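Engineer: Submitted below is the structure of interest, expressed as structure tokens.
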Amino acid sequence: MTEHRPASFYWLALLFGLFVLFLYGPMITIVLLSFQGPEGGLTFPMNGVSTYWFGKLWREGLPNVDIWAAFNRSIKLGLAVMVVTVVLSLLAGLAYRKRFKGSNTLFYIVVASLIMPSIVVSLGIGLEFRIIDDLIKGYAPEALTDGFETAMGLFTSGIGAHLTWTLPFGLLIMFAIFNRFDKRYEEAARDLGATPWQTFRHVVLPIVGPSIVGIGLFGFTLSWDEIARSSQAIGYLNTLPLELQGQTTTVTTPVIYALGTLTTAVSVLVITSSLAAIAVLRLRQARRIAMTGG
Amino acid sequence: MAATQDSPLEQGPLAWLQALPLALIFGVFFVVPLVLTVIVSVWNYDEYQIIPDITSRNYVEAFEGCLSQLPALCTTLKTYATTLRISITVWAITLVLGFAVAYFLAFHVRSQTMQMALFLVCTIPFWTSNVIRMISWIPLLGRNGLVNQTLEGAGLIGSPIEWLLFSEFSVILAFVHLYTLFMIVPIFNSMMRIDRALIEAAYDAGASGWQTLWNIIVPLTKPGIVIGSIFVITIVMGDFITIGVMGGQQIASAGKLINTHMGALQFPPAAAHAVILLATVLVIIWGLTRILDIRKEL
């Protein structure tokens, strides 16, 4: 019935199991503890089960910070980063199927951004905007700079910092997609008289669609959780993870776990809906191929 | 029309235009900031502003006392020693663990669906918040945490173990927790490309399991190992968040040095420390590719 497995299989299977437990165990702990009863503390035992801390989070937020404003900012920024990451990765992915001047240099820059310590990137962007501010204050006409504080912000320096982190992932995924892409589909479309736009819209895009959803997933979730590159480049208004990081030592009630469970729920929601979208797109594709093929 | 659009002459400018937005983003938010960092690292400053006068002050101050205090280490060197020690420990653990997990997925899991499902199980936490994943250790490792409660309950310890949380131990644990995936993915990717016939051939030629592992699989997995190692080491070397949160803000690191100067709005010394960090990381990357290349040549 069953094949003979070497002993190493069982040891490695055990190790893998323990690794998964190690990955998920702590997360499960804080999800459990966020349903702590009103009298409960930061650690076990559970003092009853309730949604008290979620209610408290909803009504009062966290002490000292406007957590819901940060929540909204993070969602907006995440969506913006997602859209830009998808569009620019797709465009660049198409560009890299051909040859263009400076393509190697650009590729090395993108990869360098991926392995550059985030604090260095963040500092650089912070510095750049500091200099821009000084230039504006020093040289721009008074009428324009009245009340001007800084050019830094969520959708200037902040989005830039996030893109240096999400775009390398997007581009590498595009490479993986187009490496496996069968060019004969395009040739067939062209032979049938499709314009380049029609070929792209009706042949290339449907085929790479599922993977594009994957790039969107990376774009949103990486931005949603980003701290290191944002830290010096976000301006006055912080994103949710930055606020959360500041609160790790000051909040001493399970309300922080409730917030943790909530942000994880957002991530999980995005992951599952992306994976579902990918599965649906794949299925539709397979069905269409089966129909035309049969 | 289709034919003219796709002639090689027409492809050049179109491809260039398609790559332009990406190039602009990396120009404005990556290349220029790095150049500025290097420039500002040799600029002067006072309490209020950056002064564009070239000076070696920031570097001199960064290494102040490093020679005169020898053999005792100055602050900067001490900080780098700590950061390096943590990096190397995390690297060794994630490498062994990541390799073992990738090996299991690539060679022991036979159905492709199962392979992908288990791979996904490993990657999902990567898409959730790092801060949350760090905080989630607190109820386990804290003074009254689950580990201490269990050990005390079992009568193994008299009083709670203090070094479980806000210590170098918890920092390393959190790094392994967060970044083993960066080892698994490239190593798994390399392993999946290994021609299974090679392993069959080694087996037929009488190689033992270990011999096959060491002489066939490890050398062929080298690109993945190098990529994973570069990822893990650069992340840990530049980190200030994990070391901050999990070290209870008590452990100094190279990234934290920069962060502290930035917090005080001292841009030029922050930039100088960034350049020093960058140089260190580049040397490590260079060394890593060297070491791993030499093996190939033997």
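Chain labels run A, B, ... following the order of the structure tokens; each chain numbers its residues from 1, and ligands are numbered from 1 in the order shown.
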I need the helix (DSSP H, G or I) residues of region 35-182 of chain B per DSSP on the backbone, written as JSON, numbers by chain.

Structural biologist: {"B": [35, 36, 37, 38, 39, 40, 57, 58, 59, 60, 61, 62, 75, 76, 77, 78, 79, 80, 81, 82, 83, 84, 85, 86, 87, 88, 89, 90, 91, 92, 93, 94, 95, 96, 97, 98, 99, 100, 101, 102, 103, 104, 105, 106, 107, 108, 112, 113, 114, 115, 116, 117, 118, 119, 120, 121, 122, 123, 124, 125, 126, 127, 130, 131, 132, 133, 134, 135, 138, 139, 140, 141, 146, 147, 148, 149, 150, 151, 152, 153, 168, 169, 170, 171, 172, 173, 174, 175, 176, 177, 178, 179, 180, 181, 182]}

Engineer: Skip Asp134 (chain A) itself and residues of its chain fewer than 6 positions away, then list as a list in words all residues within 12 Å of it, counting only C-alpha atoms.

Structural biologist: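 The neighbour list is Leu127, Glu128, Ala140, Thr145, Phe148, Glu149, Thr150, Ala151 and Met152 of chain A; Tyr48, Gln49, Ile50 and Ile51 of chain B.
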
Engineer: Using only C-alpha atoms, which of the listed residues (A:Ala258, A:Ala233, A:Ile289, A:Ile215) sits closest to Phe175 (chain A)?

Structural biologist: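 For Phe175 (chain A), the nearest of the candidates is A:Ile215.
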
Engineer: Near Ala100 (chain B), within 10 Å and counting only C-alpha atoms, which residues show up once chain neighbours fewer than 2 positions away are dropped, as a list in words?

Structural biologist: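 With the cut-off at 10 Å, the set is Leu12, Ala13, Leu15 and Phe16 of chain A; Thr94, Leu95, Val96, Leu97, Gly98, Ala102, Tyr103, Phe104, Leu105, Ala106, Ile184, Ile187 and Phe188 of chain B.
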
Engineer: Of the candidates B:Ala252, B:Val101, B:Leu24, B:Ile291, which one gets nearest to chain A if we count only C-alpha atoms?

Structural biologist: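 Smallest separation from chain A among the options: B:Val101.
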
Engineer: Mind running region 254-286 of chain A against region 116-136 of chain B at 7 Å and telling me each contacting residue's nearest atom pair with the distance in Å (one decimal), counting only C-alpha atoms, chain and number ascending, as CSV?

Structural biologist:
residue,atom,partner,partner_atom,distance
A:Gly260,CA,B:Ile132,CA,5.6
A:Thr264,CA,B:Thr128,CA,5.9
A:Ser267,CA,B:Thr128,CA,5.6
